$ cat start.txt   # compact mmCIF, C-alpha atoms and all ligand atoms
# COMPACT_ATOMS: atom_id res chain seq x y z
CA MET A 251 -4.17 16.69 0.33
CA ASP A 252 -5.27 16.63 3.96
CA LEU A 253 -7.46 13.72 5.01
CA ALA A 254 -10.53 15.78 5.98
CA LYS A 255 -10.51 17.49 2.58
CA GLU A 256 -10.03 14.18 0.77
CA LEU A 257 -12.88 12.59 2.73
CA LYS A 258 -15.23 15.47 2.13
CA GLU A 259 -14.47 15.31 -1.58
CA GLY A 260 -15.01 11.53 -1.61
CA LEU A 261 -18.26 11.54 0.33
CA CYS A 262 -19.72 14.31 -1.82
CA SER A 263 -18.77 12.77 -5.18
CA ARG A 264 -20.59 10.27 -7.42
CA PRO A 265 -20.22 7.46 -6.59
CA LYS A 266 -19.39 8.30 -2.97
CA TYR A 267 -16.10 6.84 -1.75
CA ILE A 268 -13.63 6.78 1.12
CA PRO A 269 -9.88 6.67 0.37
CA VAL A 270 -8.23 3.26 0.62
CA SER A 271 -5.55 4.57 3.06
CA LEU A 272 -8.20 5.21 5.72
CA ARG A 273 -8.45 1.51 6.56
CA TYR A 274 -4.83 1.24 7.73
CA ASP A 275 -5.01 2.23 11.39
CA HIS A 276 -3.54 -0.05 14.07
CA GLN A 277 -6.53 -2.42 13.85
CA GLY A 278 -6.49 -2.37 10.03
CA LEU A 279 -2.82 -3.32 9.98
CA GLN A 280 -3.60 -6.27 12.25
CA TYR A 281 -6.31 -7.43 9.80
CA ASP A 282 -3.79 -6.98 7.00
CA GLU A 283 -1.36 -9.28 8.81
CA GLN A 284 -4.13 -11.85 9.37
CA CYS A 285 -4.84 -11.90 5.62
CA PHE A 286 -1.35 -13.34 5.10
CA ASP A 287 -2.51 -16.60 6.73
CA LEU A 288 -5.46 -17.12 4.38
CA ASP A 289 -4.74 -20.10 2.10
CA GLU A 290 -6.07 -18.40 -1.01
CA TYR A 291 -4.31 -15.09 -0.34
CA TYR A 292 -1.47 -15.93 -2.74
CA HIS A 293 0.00 -12.45 -2.86
CA TYR A 294 1.87 -12.33 0.46
CA ARG A 295 3.47 -15.75 0.04
CA ALA A 296 4.44 -15.08 -3.59
CA GLU A 297 6.14 -11.81 -2.69
CA GLU A 298 7.90 -13.28 0.30
CA ALA A 299 9.21 -16.17 -1.85
CA LEU A 300 10.34 -13.78 -4.57
CA ILE A 301 12.24 -11.52 -2.18
CA LYS A 302 13.80 -14.51 -0.42
CA SER A 303 15.04 -16.06 -3.67
CA SER A 304 16.35 -12.81 -5.20
CA ILE A 305 17.67 -10.82 -2.25
CA LYS A 306 21.38 -11.71 -2.65
CA ASP A 307 21.23 -10.71 -6.29
CA VAL A 308 19.25 -7.55 -5.43
CA VAL A 309 21.84 -6.42 -2.87
CA SER A 310 24.69 -7.15 -5.27
CA ASN A 311 23.05 -4.55 -7.55
CA LEU A 312 22.97 -1.82 -4.87
CA CYS A 313 25.59 0.82 -4.12
CA ILE A 314 26.13 0.38 -0.39
CA PRO A 315 26.08 1.72 2.25
CA CYS A 316 22.72 3.35 1.72
CA LYS A 317 19.87 4.38 4.00
CA VAL A 318 16.73 2.29 3.46
CA PHE A 319 13.39 4.16 3.42
CA ASP A 320 10.52 1.65 3.61
CA ILE A 321 7.28 3.28 2.41
CA GLY A 322 4.13 1.66 3.84
CA CYS A 323 6.33 -0.71 5.85
CA GLY A 324 3.55 -2.69 7.59
CA ASN A 325 5.09 -5.31 9.88
CA THR A 326 8.49 -4.95 8.04
CA LYS A 327 8.90 -8.73 7.71
CA LYS A 328 9.64 -8.56 3.98
CA ALA A 329 11.98 -5.59 4.43
CA GLN A 330 13.86 -7.58 7.07
CA MET A 331 15.12 -9.91 4.33
CA LEU A 332 16.83 -6.91 2.73
CA LEU A 333 18.14 -5.61 6.07
CA ASN A 334 19.58 -9.05 6.94
CA GLU A 335 21.42 -9.21 3.63
CA LEU A 336 22.75 -5.64 3.95
CA LEU A 337 24.04 -6.50 7.41
CA GLN A 338 26.28 -9.14 5.80
CA TYR A 339 28.23 -6.21 4.32
CA GLN A 340 27.78 -3.40 6.88
CA ASN A 341 28.06 -3.34 10.68
CA THR A 342 25.08 -1.04 10.89
CA VAL A 343 22.22 -0.18 8.59
CA GLU A 344 20.15 2.99 8.67
CA TYR A 345 16.46 2.14 8.27
CA ALA A 346 13.44 4.47 8.11
CA PRO A 347 10.16 2.52 8.37
CA ILE A 348 7.26 4.70 7.19
CA ASP A 349 3.57 4.10 7.81
CA VAL A 350 0.40 5.95 8.61
CA SER A 351 -0.37 4.38 12.00
CA LYS A 352 1.91 5.80 14.72
CA ASP A 353 0.89 3.13 17.29
CA PHE A 354 1.61 0.28 14.92
CA LEU A 355 4.93 1.83 13.92
CA ASN A 356 5.97 2.13 17.59
CA GLU A 357 5.30 -1.57 18.11
CA VAL A 358 7.26 -2.40 14.96
CA CYS A 359 10.23 -0.35 16.24
CA ASP A 360 10.22 -2.29 19.54
CA VAL A 361 10.30 -5.57 17.62
CA LEU A 362 13.12 -4.31 15.39
CA PHE A 363 15.16 -3.35 18.45
CA GLN A 364 14.66 -6.83 19.92
CA ILE A 365 15.85 -8.43 16.67
CA TYR A 366 18.68 -6.11 15.65
CA GLY A 367 19.71 -4.15 18.74
CA ASP A 368 22.11 -1.35 17.84
CA SER A 369 23.04 -2.75 14.44
CA LEU A 370 19.90 -1.17 13.00
CA LYS A 371 19.67 2.62 13.27
CA VAL A 372 15.89 3.01 13.15
CA ASP A 373 14.40 6.36 12.17
CA PRO A 374 10.58 5.85 12.08
CA MET A 375 8.30 8.24 10.19
CA SER A 376 4.56 8.06 10.88
CA ASP A 377 3.58 9.98 7.79
CA ASP A 378 1.44 9.78 4.73
CA LEU A 379 3.48 8.73 1.70
CA PHE A 380 3.50 12.22 0.13
CA GLN A 381 4.58 13.91 3.38
CA ALA A 382 7.27 11.27 3.86
CA LEU A 383 8.58 11.74 0.32
CA SER A 384 9.02 15.47 0.79
CA LYS A 385 11.14 14.76 3.89
CA ILE A 386 13.09 11.99 2.13
CA GLY A 387 13.89 14.48 -0.65
CA ASN A 388 15.88 16.53 1.91
CA TYR A 389 18.09 13.57 2.88
CA ARG A 390 21.52 14.12 1.35
CA GLY A 391 23.09 10.65 1.73
CA ARG A 392 22.70 7.71 -0.66
CA LYS A 393 19.30 6.07 -0.38
CA ALA A 394 17.28 3.03 -1.41
CA LEU A 395 13.50 3.49 -1.32
CA LEU A 396 11.51 0.34 -0.72
CA TRP A 397 7.84 0.16 -1.74
CA ILE A 398 6.64 -3.38 -1.15
CA SER A 399 3.05 -4.29 -1.89
CA GLY A 400 2.12 -0.61 -1.87
CA LEU A 401 1.75 0.58 -5.46
CA GLN A 402 -1.23 -1.65 -6.24
CA ILE A 403 -3.48 -0.58 -3.38
CA PHE A 404 -3.96 2.96 -4.73
CA PRO A 405 -6.18 4.12 -7.63
CA LYS A 406 -4.46 4.36 -11.02
CA ASP A 407 -4.09 8.18 -11.17
CA THR A 408 -2.63 8.28 -7.63
CA GLN A 409 -0.11 5.55 -8.53
CA LEU A 410 1.43 7.72 -11.24
CA LYS A 411 1.64 10.72 -8.88
CA MET A 412 3.28 8.59 -6.20
CA LEU A 413 5.79 7.03 -8.59
CA SER A 414 6.63 10.44 -10.05
CA ASN A 415 7.22 11.79 -6.53
CA ILE A 416 9.41 8.79 -5.71
CA SER A 417 11.35 9.35 -8.92
CA SER A 418 11.96 13.03 -8.14
CA THR A 419 13.50 12.20 -4.73
CA LEU A 420 16.15 9.96 -6.36
CA GLU A 421 19.57 11.41 -7.09
CA GLY A 422 22.89 10.00 -8.35
CA ASN A 423 23.09 6.31 -7.39
CA ASP A 424 19.84 6.30 -5.40
CA VAL A 425 17.46 3.51 -6.32
CA CYS A 426 13.96 2.33 -5.55
CA LEU A 427 12.78 -1.25 -5.17
CA ILE A 428 9.13 -1.70 -6.04
CA THR A 429 7.00 -4.83 -6.09
CA ALA A 430 3.85 -5.42 -8.13
CA ASP A 431 1.23 -8.14 -8.42
CA ILE A 432 1.42 -9.64 -11.94
CA THR A 433 -1.26 -12.34 -11.47
CA GLN A 434 -3.60 -12.53 -14.46
CA ASN A 435 -5.68 -15.57 -13.44
CA LYS A 436 -9.20 -14.29 -12.78
CA GLU A 437 -10.27 -17.30 -10.72
CA VAL A 438 -7.24 -17.06 -8.41
CA ILE A 439 -7.81 -13.31 -7.93
CA GLU A 440 -11.53 -13.63 -7.22
CA LYS A 441 -10.91 -16.37 -4.67
CA ALA A 442 -8.34 -14.24 -2.86
CA TYR A 443 -10.17 -10.90 -2.82
CA LEU A 444 -13.88 -11.43 -3.28
CA ASN A 445 -14.90 -13.73 -0.43
CA PHE A 446 -16.96 -11.40 1.74
CA ASP A 447 -17.64 -13.67 4.72
CA GLU A 448 -17.72 -11.01 7.44
CA GLN A 449 -15.54 -13.08 9.79
CA ARG A 450 -12.67 -13.08 7.31
CA PRO A 451 -9.84 -10.59 7.89
CA ASN A 452 -10.03 -9.28 4.32
CA ALA A 453 -13.70 -8.33 4.80
CA LYS A 454 -12.83 -6.70 8.13
CA LEU A 455 -9.96 -4.81 6.49
CA TYR A 456 -12.16 -3.53 3.64
CA THR A 457 -14.72 -2.06 6.05
CA ASN A 458 -12.23 -0.83 8.64
CA GLY A 459 -12.12 2.61 6.97
CA ILE A 460 -15.74 3.13 8.07
CA HIS A 461 -14.79 2.45 11.71
CA VAL A 462 -11.92 4.93 11.37
CA LEU A 463 -14.33 7.48 9.87
CA ASN A 464 -16.78 6.95 12.76
CA ARG A 465 -14.03 7.28 15.36
CA GLU A 466 -11.91 10.09 13.93
CA PHE A 467 -14.62 12.23 12.35
CA GLU A 468 -17.54 11.66 14.72
CA ALA A 469 -19.71 9.86 12.20
CA ASN A 470 -22.07 7.09 13.31
CA ILE A 471 -22.37 5.01 10.13
CA ASP A 472 -24.15 1.73 10.89
CA ILE A 473 -22.36 -0.98 8.91
CA SER A 474 -25.24 -3.43 9.50
CA GLN A 475 -27.31 -1.30 7.14
CA PHE A 476 -24.98 -2.16 4.23
CA LYS A 477 -23.93 -5.23 2.26
CA LEU A 478 -20.28 -5.71 1.30
CA GLU A 479 -19.90 -6.46 -2.43
CA GLY A 480 -17.27 -6.26 -5.13
CA LYS A 481 -15.99 -7.40 -8.50
CA TYR A 482 -12.81 -7.97 -10.43
CA VAL A 483 -12.34 -5.68 -13.43
CA GLU A 484 -10.02 -6.96 -16.13
CA ASP A 485 -8.26 -4.25 -18.13
CA LYS A 486 -5.42 -5.06 -20.51
CA ASP A 487 -5.02 -1.54 -21.92
CA VAL A 488 -1.35 -0.58 -21.69
CA SER A 489 -2.13 2.66 -19.85
CA SER A 490 -4.29 0.90 -17.26
CA ALA A 491 -4.32 -2.27 -15.07
CA SER A 492 -6.82 -4.84 -13.85
CA CYS A 493 -8.15 -4.21 -10.38
CA VAL A 494 -10.63 -5.14 -7.69
CA GLN A 495 -13.57 -2.89 -6.83
CA VAL A 496 -15.19 -3.17 -3.41
CA TRP A 497 -18.18 -1.26 -2.05
CA LEU A 498 -20.84 -1.19 0.63
CA ARG A 499 -24.35 -1.27 -0.84
CA SER A 500 -26.89 0.68 1.19
CA LEU A 501 -29.79 -1.56 2.26
CA CYS A 502 -32.16 1.37 2.83
CA LYS A 503 -32.34 5.14 2.47
CA GLN A 504 -30.13 6.48 5.25
CA SER A 505 -28.57 9.77 6.33
CA TYR A 506 -25.53 10.47 8.50
CA ASN A 507 -24.39 13.70 10.00
CA ILE A 508 -20.58 13.74 9.95
CA GLU A 509 -19.83 16.40 12.54
CA LYS A 510 -16.14 16.92 11.99
CA LEU A 511 -16.48 17.19 8.23
CA GLY A 512 -19.47 19.52 8.48
CA ILE A 513 -21.53 17.43 6.03
CA THR A 514 -24.60 15.22 5.97
CA MET A 515 -24.25 12.15 3.79
CA THR A 516 -27.46 10.68 2.39
CA LEU A 517 -27.48 7.29 0.67
CA GLU A 518 -30.45 5.99 -1.32
CA GLU A 519 -31.49 2.34 -1.04
CA GLY A 520 -29.16 0.34 -3.33
CA GLU A 521 -26.58 3.16 -3.61
CA LYS A 522 -22.90 2.17 -3.47
CA LEU A 523 -20.35 3.61 -1.05
CA MET A 524 -17.01 2.69 -2.66
CA LEU A 525 -14.21 1.62 -0.28
CA HIS A 526 -11.49 3.17 -2.47
CA GLY A 527 -11.23 6.14 -4.80
CA GLY A 528 -10.76 6.08 -8.58
CA ASN A 529 -10.93 2.93 -10.64
CA GLY A 530 -10.22 0.41 -7.85
CA MET A 531 -7.62 -1.20 -5.62
CA SER A 532 -5.38 -4.32 -5.53
CA HIS A 533 -4.17 -3.78 -9.10
CA LYS A 534 -2.81 -6.61 -11.25
CA TYR A 535 -0.42 -5.64 -14.01
CA THR A 536 0.95 -7.02 -17.26
CA SER A 537 4.62 -6.33 -18.06
CA ASN A 538 3.62 -3.75 -20.68
CA GLN A 539 1.45 -1.89 -18.19
CA LEU A 540 4.28 -1.69 -15.66
CA GLU A 541 6.83 -0.58 -18.26
CA TYR A 542 4.41 2.13 -19.39
CA LEU A 543 3.75 3.32 -15.83
CA PHE A 544 7.44 3.45 -14.85
CA ALA A 545 8.38 5.27 -18.06
CA LYS A 546 5.66 7.88 -17.44
CA ALA A 547 7.04 8.41 -13.93
CA HIS A 548 10.59 8.81 -15.34
CA LEU A 549 11.83 5.64 -13.69
CA ARG A 550 14.34 3.46 -15.56
CA VAL A 551 14.21 -0.25 -14.74
CA LEU A 552 17.76 -1.50 -14.05
CA ASN A 553 16.79 -5.05 -13.14
CA LYS A 554 13.72 -7.18 -12.59
CA TRP A 555 13.01 -10.43 -10.73
CA GLU A 556 9.73 -12.30 -10.94
CA ASN A 557 7.81 -15.47 -10.17
CA GLU A 558 4.33 -16.54 -11.26
CA ASN A 559 2.51 -13.88 -9.20
CA SER A 560 4.94 -11.14 -8.24
CA ALA A 561 7.57 -8.91 -9.76
CA LEU A 562 10.31 -6.89 -8.08
CA PHE A 563 11.83 -3.93 -9.93
CA LEU A 564 15.06 -2.10 -9.23
CA CYS A 565 14.74 1.40 -10.70
CA LYS A 566 16.71 4.62 -11.01
CA ARG A 567 15.53 8.05 -11.95
CA GLU A 568 15.63 8.69 -15.68
CA MET A 569 17.94 11.74 -15.98
C1 LIG A 601 -0.51 -4.06 1.60
S1 LIG A 601 0.27 -3.29 2.95
C2 LIG A 601 1.99 -3.69 2.67
C3 LIG A 601 2.81 -3.68 3.93
C4 LIG A 601 4.27 -4.14 3.79
N1 LIG A 601 5.03 -3.26 2.92
C5 LIG A 601 4.31 -5.58 3.31
O1 LIG A 601 4.57 -5.79 2.12
O2 LIG A 601 4.07 -6.47 4.11
C6 LIG A 601 0.22 -1.58 2.48
C7 LIG A 601 0.87 -0.66 3.49
O3 LIG A 601 0.79 0.70 3.03
C8 LIG A 601 0.45 1.52 4.14
N2 LIG A 601 -0.23 2.73 3.63
C9 LIG A 601 -1.50 2.86 3.17
N3 LIG A 601 -1.74 4.12 2.78
C10 LIG A 601 -0.60 4.82 2.98
C11 LIG A 601 -0.23 6.17 2.78
N4 LIG A 601 -1.09 7.06 2.27
N5 LIG A 601 1.01 6.55 3.12
C12 LIG A 601 1.91 5.65 3.63
N6 LIG A 601 1.61 4.35 3.85
C13 LIG A 601 0.37 3.93 3.53
C14 LIG A 601 -0.47 0.66 4.98
O4 LIG A 601 -0.58 1.12 6.30
C15 LIG A 601 0.21 -0.70 4.85
O5 LIG A 601 1.21 -0.89 5.82
$ encode --input "start.txt" --output "structure tokens"
Amino acid sequence: MDLAKELKEGLCSRPKYIPVSLRYDHQGLQYDEQCFDLDEYYHYRAEEALIKSSIKDVVSNLCIPCKVFDIGCGNTKKAQMLLNELLQYQNTVEYAPIDVSKDFLNEVCDVLFQIYGDSLKVDPMSDDLFQALSKIGNYRGRKALLWISGLQIFPKDTQLKMLSNISSTLEGNDVCLITADITQNKEVIEKAYLNFDEQRPNAKLYTNGIHVLNREFEANIDISQFKLEGKYVEDKDVSSASCVQVWLRSLCKQSYNIEKLGITMTLEEGEKLMLHGGNGMSHKYTSNQLEYLFAKAHLRVLNKWENENSALFLCKREM
């Protein structure tokens, strides 16, 4: 779906929402990087440690050479652990970093060139995940799709669509490597995600989608007229997952004319503007929930590595 259509749908629904992807412009990706340094933000460190400890074993399970497609690559630091290991076996590696912010991706490519020079054949794609997957589907060589710390940010129904699309691009010995947050400790999760001090990078990241909306769609939403709030929602049902919900609560009745969308958005005092669609974001899964989700998307788990907070899955398409 195109972004304008998605936004219009979100801002006219009940409750009103903006899609979670909107926050990841160049500035949003910088906030995302700053979150990694927060002591209580366990997720980044847990994933990094997991990839570091398992990467030799992971690569020994891959059919190489293969081209690596990194969906929602961010700063690529975690993917670099995979690239470094592949380069132990190949003189060159083909790598397609994929993300929504073109500016950020250009900077990432410069850094990759400084680190790897010509040994990394970089083929950047500044695309939305669905657009990228339709292009990846046309690639005829062997491929490994990497989706690190990406699955959990999207609402539950979108996750299944994305995984199913990933699955349908895989052929023969193609694989995907997907990470997920398996933390179940409520206190740890609330400390990491629900501190709304406005100086903190996580709070800035949550509200960055509003700045993008103001800039890209000629809205003039005044963030000072809202309060940032949220909660953790535990859900152990096998077909679901626990998640975090975050919203801006309107402090007064207010109306905004959003020129480029051709709509006027009115919020009552106390009304919530959700900062993600669907059930929530930052999902936390049990093993059963992940098995259920992968099976529904026709992905067969070939191998799995995990630590206390994170899990890494190597999957193939179920033929
Ligand atoms: C939590 S970050 C993870 C970044 C990186 N993979 C890592 O683990 O450090 C999620 C990434 O997904 C990207 N992203 C968000 N929505 C996307 C979309 N619709 N299509 C492609 N990438 C998206 C963001 O820009 C961001 O880089």
$ atom_distance --input "start.txt" --atom1 "atom CA of A:Thr536" --atom2 "atom CA of A:Met331"
26.0 Å
$ residues_near_ligand --input "start.txt" --ligand "ligand LIG 601 (chain A)" --cutoff "7 Å" --atoms "all atoms listed in the file" --output "list in words"
Val270, Ser271, Tyr274, Asp275, Leu279, Asp282, Ile321, Gly322, Cys323, Gly324, Asn325, Thr326, Lys327, Lys328, Ile348, Asp349, Val350, Ser351, Asp377, Asp378, Leu379, Phe380, Trp397, Ile398, Ser399, Gly400 and Ile403 of chain A
$ write_last_selection --input "start.txt" --atoms "C-alpha atoms" --output "CSV table (one decimal), keeping the file's coordinate frame"
chain,number,residue,atom,x,y,z
A,270,VAL,CA,-8.2,3.3,0.6
A,271,SER,CA,-5.6,4.6,3.1
A,274,TYR,CA,-4.8,1.2,7.7
A,275,ASP,CA,-5.0,2.2,11.4
A,279,LEU,CA,-2.8,-3.3,10.0
A,282,ASP,CA,-3.8,-7.0,7.0
A,321,ILE,CA,7.3,3.3,2.4
A,322,GLY,CA,4.1,1.7,3.8
A,323,CYS,CA,6.3,-0.7,5.8
A,324,GLY,CA,3.6,-2.7,7.6
A,325,ASN,CA,5.1,-5.3,9.9
A,326,THR,CA,8.5,-5.0,8.0
A,327,LYS,CA,8.9,-8.7,7.7
A,328,LYS,CA,9.6,-8.6,4.0
A,348,ILE,CA,7.3,4.7,7.2
A,349,ASP,CA,3.6,4.1,7.8
A,350,VAL,CA,0.4,6.0,8.6
A,351,SER,CA,-0.4,4.4,12.0
A,377,ASP,CA,3.6,10.0,7.8
A,378,ASP,CA,1.4,9.8,4.7
A,379,LEU,CA,3.5,8.7,1.7
A,380,PHE,CA,3.5,12.2,0.1
A,397,TRP,CA,7.8,0.2,-1.7
A,398,ILE,CA,6.6,-3.4,-1.2
A,399,SER,CA,3.0,-4.3,-1.9
A,400,GLY,CA,2.1,-0.6,-1.9
A,403,ILE,CA,-3.5,-0.6,-3.4
$ closest_residue --input "start.txt" --among "A:Lys306, A:Ser418, A:Pro265, A:Lys481" --to "A:Gly520" --atoms "all atoms listed in the file"
A:Pro265
$ residues_around --input "start.txt" --residues "A:Asn445" --least-positions-apart "6" --cutoff "12 Å" --atoms "all atoms listed in the file" --output "NGL selection string"
:A and (285 or 288 or 290-291 or 437-439 or 451-454 or 456 or 478-482 or 496)
$ write_last_selection --input "start.txt" --atoms "C-alpha atoms" --output "PDB file, keeping the file's coordinate frame"
ATOM      1  CA  CYS A 285      -4.840 -11.900   5.620  1.00  0.00           C
ATOM      2  CA  LEU A 288      -5.460 -17.120   4.380  1.00  0.00           C
ATOM      3  CA  GLU A 290      -6.070 -18.400  -1.010  1.00  0.00           C
ATOM      4  CA  TYR A 291      -4.310 -15.090  -0.340  1.00  0.00           C
ATOM      5  CA  GLU A 437     -10.270 -17.300 -10.720  1.00  0.00           C
ATOM      6  CA  VAL A 438      -7.240 -17.060  -8.410  1.00  0.00           C
ATOM      7  CA  ILE A 439      -7.810 -13.310  -7.930  1.00  0.00           C
ATOM      8  CA  PRO A 451      -9.840 -10.590   7.890  1.00  0.00           C
ATOM      9  CA  ASN A 452     -10.030  -9.280   4.320  1.00  0.00           C
ATOM     10  CA  ALA A 453     -13.700  -8.330   4.800  1.00  0.00           C
ATOM     11  CA  LYS A 454     -12.830  -6.700   8.130  1.00  0.00           C
ATOM     12  CA  TYR A 456     -12.160  -3.530   3.640  1.00  0.00           C
ATOM     13  CA  LEU A 478     -20.280  -5.710   1.300  1.00  0.00           C
ATOM     14  CA  GLU A 479     -19.900  -6.460  -2.430  1.00  0.00           C
ATOM     15  CA  GLY A 480     -17.270  -6.260  -5.130  1.00  0.00           C
ATOM     16  CA  LYS A 481     -15.990  -7.400  -8.500  1.00  0.00           C
ATOM     17  CA  TYR A 482     -12.810  -7.970 -10.430  1.00  0.00           C
ATOM     18  CA  VAL A 496     -15.190  -3.170  -3.410  1.00  0.00           C
TER      19      VAL A 496
END
$ closest_residue --input "start.txt" --among "A:Ala547, A:Lys258, A:Gln475, A:Glu448" --to "A:Met412" --atoms "all atoms listed in the file"
A:Ala547
$ closest_residue --input "start.txt" --among "A:Leu336, A:Asp373, A:Leu455, A:Leu444" --to "A:Gln284" --atoms "all atoms listed in the file"
A:Leu455
$ atom_distance --input "start.txt" --atom1 "atom CA of A:Ser369" --atom2 "atom CA of A:Leu337"
8.0 Å
$ atom_distance --input "start.txt" --atom1 "atom CA of A:Asn557" --atom2 "atom CA of A:Lys302"
11.5 Å
$ closest_residue --input "start.txt" --among "A:Val551, A:Val308, A:Leu401, A:Ala382" --to "A:Asp431" --atoms "all atoms listed in the file"
A:Leu401
$ closest_residue --input "start.txt" --among "A:His276, A:Arg567, A:Lys554, A:Lys522" --to "A:Gly459" --atoms "all atoms listed in the file"
A:His276
$ residues_around --input "start.txt" --residues "A:Thr429" --least-positions-apart "6" --cutoff "12 Å" --atoms "all atoms listed in the file" --output "PyMOL selection string"
chain A and resi 293-294+296-298+300-301+321+328-329+395-403+533-535+540+554-557+559-565
$ build_atoms --input "start.txt" --residues "stretch 430-447 of chain A" --atoms "N, CA and C atoms" --output "mmCIF file, in the frame of the given file"
data_model
loop_
_atom_site.group_PDB
_atom_site.id
_atom_site.type_symbol
_atom_site.label_atom_id
_atom_site.label_comp_id
_atom_site.auth_asym_id
_atom_site.auth_seq_id
_atom_site.Cartn_x
_atom_site.Cartn_y
_atom_site.Cartn_z
ATOM 1 N N ALA A 430 5.181 -5.526 -7.521
ATOM 2 C CA ALA A 430 3.850 -5.420 -8.130
ATOM 3 C C ALA A 430 3.266 -6.824 -8.289
ATOM 4 N N ASP A 431 1.943 -6.874 -8.247
ATOM 5 C CA ASP A 431 1.230 -8.140 -8.420
ATOM 6 C C ASP A 431 0.985 -8.341 -9.918
ATOM 7 N N ILE A 432 1.546 -9.431 -10.480
ATOM 8 C CA ILE A 432 1.420 -9.640 -11.940
ATOM 9 C C ILE A 432 0.476 -10.812 -12.252
ATOM 10 N N THR A 433 -0.318 -11.221 -11.254
ATOM 11 C CA THR A 433 -1.260 -12.340 -11.470
ATOM 12 C C THR A 433 -2.306 -11.933 -12.505
ATOM 13 N N GLN A 434 -2.584 -12.842 -13.432
ATOM 14 C CA GLN A 434 -3.600 -12.530 -14.460
ATOM 15 C C GLN A 434 -4.740 -13.556 -14.429
ATOM 16 N N ASN A 435 -4.662 -14.517 -13.491
ATOM 17 C CA ASN A 435 -5.680 -15.570 -13.440
ATOM 18 C C ASN A 435 -6.899 -15.089 -12.634
ATOM 19 N N LYS A 436 -7.995 -14.870 -13.370
ATOM 20 C CA LYS A 436 -9.200 -14.290 -12.780
ATOM 21 C C LYS A 436 -9.720 -15.102 -11.586
ATOM 22 N N GLU A 437 -9.714 -16.429 -11.763
ATOM 23 C CA GLU A 437 -10.270 -17.300 -10.720
ATOM 24 C C GLU A 437 -9.459 -17.177 -9.409
ATOM 25 N N VAL A 438 -8.131 -17.170 -9.574
ATOM 26 C CA VAL A 438 -7.240 -17.060 -8.410
ATOM 27 C C VAL A 438 -7.481 -15.721 -7.696
ATOM 28 N N ILE A 439 -7.623 -14.662 -8.485
ATOM 29 C CA ILE A 439 -7.810 -13.310 -7.930
ATOM 30 C C ILE A 439 -9.158 -13.221 -7.201
ATOM 31 N N GLU A 440 -10.199 -13.735 -7.839
ATOM 32 C CA GLU A 440 -11.530 -13.630 -7.220
ATOM 33 C C GLU A 440 -11.588 -14.418 -5.913
ATOM 34 N N LYS A 441 -10.925 -15.566 -5.900
ATOM 35 C CA LYS A 441 -10.910 -16.370 -4.670
ATOM 36 C C LYS A 441 -10.199 -15.630 -3.532
ATOM 37 N N ALA A 442 -9.131 -14.927 -3.887
ATOM 38 C CA ALA A 442 -8.340 -14.240 -2.860
ATOM 39 C C ALA A 442 -9.026 -12.986 -2.330
ATOM 40 N N TYR A 443 -9.700 -12.238 -3.217
ATOM 41 C CA TYR A 443 -10.170 -10.900 -2.820
ATOM 42 C C TYR A 443 -11.670 -10.760 -2.654
ATOM 43 N N LEU A 444 -12.446 -11.697 -3.236
ATOM 44 C CA LEU A 444 -13.880 -11.430 -3.280
ATOM 45 C C LEU A 444 -14.711 -12.398 -2.436
ATOM 46 N N ASN A 445 -14.124 -12.929 -1.387
ATOM 47 C CA ASN A 445 -14.900 -13.730 -0.430
ATOM 48 C C ASN A 445 -15.252 -12.774 0.711
ATOM 49 N N PHE A 446 -16.548 -12.457 0.806
ATOM 50 C CA PHE A 446 -16.960 -11.400 1.740
ATOM 51 C C PHE A 446 -17.546 -11.917 3.043
ATOM 52 N N ASP A 447 -17.213 -13.151 3.413
ATOM 53 C CA ASP A 447 -17.640 -13.670 4.720
ATOM 54 C C ASP A 447 -17.148 -12.675 5.781
#
